[in-house]
Structure formats: structure tokens, C-alpha cells
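**Q** Structure below; questions to follow.
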Amino acid sequence: MKALLILLCVSLAEAKSYSNYHLLRVRPQTEAQLNTLKLLTTQENNLEIDFWIPPYYLNRTCEFLVPLETYIKIRPILAGVGLKVEILSHDIQKAIDAERTPAGNSTQYGYQLNPNTFMKYSEIVVLLKRYTAGHSHVSLVSYGTTYEQREIYAIKVC
């Protein structure tokens with residue numbers, strides 16, 4: 001019962017919105033710039049900063065995601081040490097939404113093929129079965145199962 005309640009709570013929780021979150025890129029070229037960025041990685045600064053590529057070395061890019069309010073706060077700090085900020089995205093939520101939206105490349109087998117997302121195993125199997133059913137010169141062969149008890153398929157050209 002407790003597990004069911006936890007599952008219900010998790011399913012009702014809203015996904016976090018990343019509207020107005022900026023994806024920033026900087027390239028520290030001095031020790032002062034690098035140290036400033038490293039200082040921003042600490043939790044003591046109470047700023048919401050998600051480093052995608054942390055600042056480790058000089059002359060290496062560093063990328064991080066910040067809400068608009070945090071960007072407004074850190075912009076003068078970064079400018080003060082001479083860091084040039086490249087804004088890769090003004091609203092990362094748009095990129096997230098675009099990834100979740102089907103690309104519209106419908107195939108004759110009824111699936112949306114999007115090269116920027118992964119298909120589920122079950123979708124791949126259905127796609128393979130539909131393909132082999134529609135072509136007499138190919139067949140679907142099972143070569144065993146994975147440790148997850150999923151069939152390992154291959155298409156055999158006859």
C-alpha cells in the first residue's frame with residue numbers, strides 16, 4: 001500500500017519547466033576566470049547553476065544552465081573578470097519540447113522516425129516485424145535472448 005501511494009505521488013508530480021533558462025558557454029583563459037567559475041560550482045553561493053561541462057582547465061569551454069534571475073546576477077561577475085559569455089539558448093524548454101515532439105517523418109510502417117531521439121525496444125521489434133512481413137526476400141531471425149529476457153533479432157536477407 002505504501003509503495004502504491006509513493007507511486008501515485010510520483011506520477012502526479014509535475015515535471016520541472018525550464019522556461020527562460022539560459023544555456024551559457026564560456027572559455028576561461030586566465031587563472032582568475034577559472035577560479036571565478038570554480039567558485040560558482042560550489043553550493044555555498046546559493047545560486048541555481050547546473051554545470052553541463054564544469055570548469056576544469058584553462059582554454060577549455062565550460063557550459064552551464066541558469067534561470068534568467070541567476071543569469072542577471074552572475075553576468076556582472078563574469079564580465080568583471082573579462083569572461084565573454086556565449087548564449088547557446090535563451091529558453092532551453094523550447095529545445096526540450098522540440099525533442100519530445102514527433103519529427104513528422106512518418107514511415108510506411110506507422111512510426112515517426114526522429115534521428116534525435118531513441119526508439120523503445122518494443123517499437124523497434126514492431127518495426128522489424130512489419131518490415132519483414134512486407135518484404136518476401138527478408139526474414140526475421142531470433143538469435144537468443146539478452147539477460148533482460150528480450151529477444152535478439154536480426155534481419156536475414158534470403
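All residue names refer to the C-alpha cells as shown: chains lettered A, B, ... in order, residues numbered from 1 in each chain, ligands numbered from 1 in order.
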Give me every helix (DSSP H, G or I) residue in chain A, going by DSSP on the backbone, as a PyMOL selection string.
**A** chain A and resi 2-12+31-40+43-45+68-80+92-100+121-133
**Q** Rank A:Pro54, A:Pro76, A:Gly134, A:Gly82 by their smallest atom-to-atom distance to Gln33 in chain A, using only C-alpha atoms, and report the top residue only.
**A**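 Of A:Pro54, A:Pro76, A:Gly134, A:Gly82, the one nearest Gln33 in chain A is A:Gly82, counting only C-alpha atoms.
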**Q** So which residues touch His135 in chain A within 12 Å, counting only C-alpha atoms, skipping near sequence neighbours fewer than 3 positions away, as a PyMOL selection string?
**A** chain A and resi 128-132+138-140+155-158
**Q** Write out, as a JSON list (two decimals), in the first residue's frame, the residues just selected, with C-alpha atoms.
**A**
```
[["chain", "number", "residue", "atom", "x", "y", "z"],
["A", 128, "LEU", "CA", 11.25, -5.06, -37.79],
["A", 129, "LYS", "CA", 8.24, -7.42, -37.87],
["A", 130, "ARG", "CA", 6.24, -5.08, -40.09],
["A", 131, "TYR", "CA", 9.19, -4.66, -42.43],
["A", 132, "THR", "CA", 9.79, -8.40, -42.82],
["A", 138, "VAL", "CA", 13.83, -10.95, -45.91],
["A", 139, "SER", "CA", 13.02, -12.83, -42.73],
["A", 140, "LEU", "CA", 13.31, -12.09, -39.02],
["A", 155, "ILE", "CA", 17.01, -9.45, -40.44],
["A", 156, "LYS", "CA", 18.18, -12.19, -42.78],
["A", 157, "VAL", "CA", 18.25, -11.43, -46.49],
["A", 158, "CYS", "CA", 17.15, -14.56, -48.38]]
```
**Q** Just want the 12 Å neighbourhood of Phe64 in chain A, counted on only C-alpha atoms, with same-chain residues fewer than 3 positions away dropped. Output as a ChimeraX atom specification.
**A** /A:21-27,37-38,40-41,48-55,61,67,70-71,74,85-89,92
**Q** Keeping N, CA and C atoms for every residue in the selection just given, could you write it to a file as a short mmCIF file (atom, residue, chain, number, x, y, z; two decimals), in the first residue's frame?
**A**
```
data_model
loop_
_atom_site.label_atom_id
_atom_site.label_comp_id
_atom_site.auth_asym_id
_atom_site.auth_seq_id
_atom_site.Cartn_x
_atom_site.Cartn_y
_atom_site.Cartn_z
N TYR A 21 15.34 29.49 -19.02
CA TYR A 21 16.65 29.03 -18.57
C TYR A 21 17.63 29.24 -19.72
N HIS A 22 18.76 29.84 -19.42
CA HIS A 22 19.77 30.14 -20.42
C HIS A 22 20.88 29.08 -20.37
N LEU A 23 21.27 28.61 -21.54
CA LEU A 23 22.43 27.73 -21.64
C LEU A 23 23.60 28.60 -22.08
N LEU A 24 24.62 28.67 -21.24
CA LEU A 24 25.74 29.58 -21.46
C LEU A 24 27.03 28.81 -21.70
N ARG A 25 27.91 29.42 -22.50
CA ARG A 25 29.23 28.83 -22.74
C ARG A 25 30.27 29.92 -22.51
N VAL A 26 31.30 29.58 -21.78
CA VAL A 26 32.43 30.48 -21.56
C VAL A 26 33.72 29.68 -21.74
N ARG A 27 34.81 30.41 -21.98
CA ARG A 27 36.12 29.77 -22.11
C ARG A 27 37.10 30.54 -21.24
N LEU A 37 34.83 30.79 -12.01
CA LEU A 37 33.89 29.74 -12.43
C LEU A 37 33.85 28.60 -11.41
N LYS A 38 35.00 28.22 -10.90
CA LYS A 38 35.03 27.15 -9.89
C LYS A 38 34.28 27.56 -8.63
N LEU A 40 31.69 29.41 -8.60
CA LEU A 40 30.26 29.29 -8.92
C LEU A 40 29.77 27.85 -8.82
N THR A 41 30.68 26.88 -8.89
CA THR A 41 30.26 25.47 -8.81
C THR A 41 29.95 25.04 -7.39
N GLU A 48 21.31 28.99 -8.47
CA GLU A 48 20.89 27.79 -9.20
C GLU A 48 21.67 27.72 -10.51
N ILE A 49 22.75 26.94 -10.50
CA ILE A 49 23.61 26.78 -11.67
C ILE A 49 23.84 25.29 -11.88
N ASP A 50 23.53 24.82 -13.09
CA ASP A 50 23.71 23.42 -13.45
C ASP A 50 24.83 23.34 -14.49
N PHE A 51 26.01 22.92 -14.05
CA PHE A 51 27.15 22.84 -14.97
C PHE A 51 27.03 21.59 -15.83
N TRP A 52 26.99 21.78 -17.13
CA TRP A 52 26.97 20.67 -18.08
C TRP A 52 28.40 20.26 -18.40
N ILE A 53 29.27 21.24 -18.57
CA ILE A 53 30.70 20.99 -18.72
C ILE A 53 31.38 21.85 -17.66
N PRO A 54 31.82 21.23 -16.56
CA PRO A 54 32.40 22.01 -15.45
C PRO A 54 33.73 22.66 -15.84
N PRO A 55 34.11 23.71 -15.10
CA PRO A 55 35.38 24.39 -15.37
C PRO A 55 36.55 23.64 -14.73
N THR A 61 36.22 24.95 -23.00
CA THR A 61 34.88 25.50 -22.82
C THR A 61 34.22 24.94 -21.57
N PRO A 67 18.73 29.84 -14.60
CA PRO A 67 17.49 30.58 -14.83
C PRO A 67 17.83 32.05 -15.09
N THR A 70 19.27 34.12 -12.19
CA THR A 70 20.67 33.83 -11.88
C THR A 70 21.58 34.44 -12.93
N TYR A 71 21.18 34.38 -14.19
CA TYR A 71 21.98 34.97 -15.26
C TYR A 71 22.17 36.47 -15.02
N ILE A 74 24.82 36.81 -12.21
CA ILE A 74 26.21 36.43 -12.46
C ILE A 74 26.83 37.16 -13.66
N VAL A 85 30.66 35.75 -22.53
CA VAL A 85 29.60 34.75 -22.40
C VAL A 85 28.91 34.57 -23.75
N GLU A 86 28.85 33.33 -24.20
CA GLU A 86 28.10 32.99 -25.41
C GLU A 86 26.81 32.32 -24.96
N ILE A 87 25.68 32.89 -25.38
CA ILE A 87 24.38 32.31 -25.01
C ILE A 87 24.00 31.30 -26.09
N LEU A 88 23.99 30.03 -25.72
CA LEU A 88 23.64 28.97 -26.67
C LEU A 88 22.14 28.83 -26.83
N SER A 89 21.39 29.14 -25.76
CA SER A 89 19.93 29.07 -25.80
C SER A 89 19.38 30.04 -24.77
N ILE A 92 15.80 27.00 -22.85
CA ILE A 92 16.11 25.59 -23.08
C ILE A 92 14.85 24.73 -23.12
#
```
**Q** Taking the DSSP assignment computed from this structure's backbone, write out as an MDAnalysis selection string all residues of chain A that belong to strand (DSSP E or B).
**A** chainID A and resid 21:26 50:53 62:67 86:89 106 112 138:145 151:157
**Q** Please dump the current selection as a compact mmCIF listing (two decimals), in the first residue's frame; keep C-alpha atoms.
**A**
```
# COMPACT_ATOMS: atom_id res chain seq x y z
CA TYR A 21 16.65 29.03 -18.57
CA HIS A 22 19.77 30.14 -20.42
CA LEU A 23 22.43 27.73 -21.64
CA LEU A 24 25.74 29.58 -21.46
CA ARG A 25 29.23 28.83 -22.74
CA VAL A 26 32.43 30.48 -21.56
CA ASP A 50 23.71 23.42 -13.45
CA PHE A 51 27.15 22.84 -14.97
CA TRP A 52 26.97 20.67 -18.08
CA ILE A 53 30.70 20.99 -18.72
CA CYS A 62 32.58 25.41 -19.85
CA GLU A 63 28.80 25.18 -20.29
CA PHE A 64 26.11 25.71 -17.69
CA LEU A 65 22.37 26.19 -17.39
CA VAL A 66 20.92 29.03 -15.32
CA PRO A 67 17.49 30.58 -14.83
CA GLU A 86 28.10 32.99 -25.41
CA ILE A 87 24.38 32.31 -25.01
CA LEU A 88 23.64 28.97 -26.67
CA SER A 89 19.93 29.07 -25.80
CA SER A 106 6.23 9.08 -40.83
CA GLN A 112 7.67 8.58 -36.52
CA VAL A 138 13.83 -10.95 -45.91
CA SER A 139 13.02 -12.83 -42.73
CA LEU A 140 13.31 -12.09 -39.02
CA VAL A 141 15.62 -14.46 -37.16
CA SER A 142 15.95 -14.77 -33.38
CA TYR A 143 19.45 -15.45 -32.07
CA GLY A 144 18.56 -15.89 -28.41
CA THR A 145 17.75 -13.58 -25.54
CA GLU A 151 14.77 -11.48 -27.97
CA ILE A 152 17.85 -10.69 -30.05
CA TYR A 153 16.65 -10.25 -33.62
CA ALA A 154 18.39 -9.90 -36.96
CA ILE A 155 17.01 -9.45 -40.44
CA LYS A 156 18.18 -12.19 -42.78
CA VAL A 157 18.25 -11.43 -46.49
```
**Q** Counting only C-alpha atoms, which of A:Leu83, A:Arg150, A:Tyr18, A:Leu39 gets nearest to Ser122 in chain A?
**A** A:Arg150
**Q** Measure the distance from CA of Glu69 in chain A to CA of Gln93 in chain A in Å and round it to one decimal.
**A** 15.8 Å
**Q** Report, in Å with one decimal, the straight-line distance from CA of Ile124 in chain A to CA of His137 in chain A.
**A**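 If I compute the distance from CA of Ile124 in chain A to CA of His137 in chain A, I get 19.6 Å.
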**Q** Counting only C-alpha atoms, which residue out of A:His90, A:Lys73, A:Arg100, A:Arg60 sits closest to Leu47 in chain A?
**A**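 Looking at the shortest contact to Leu47 in chain A, the residue is A:Lys73.
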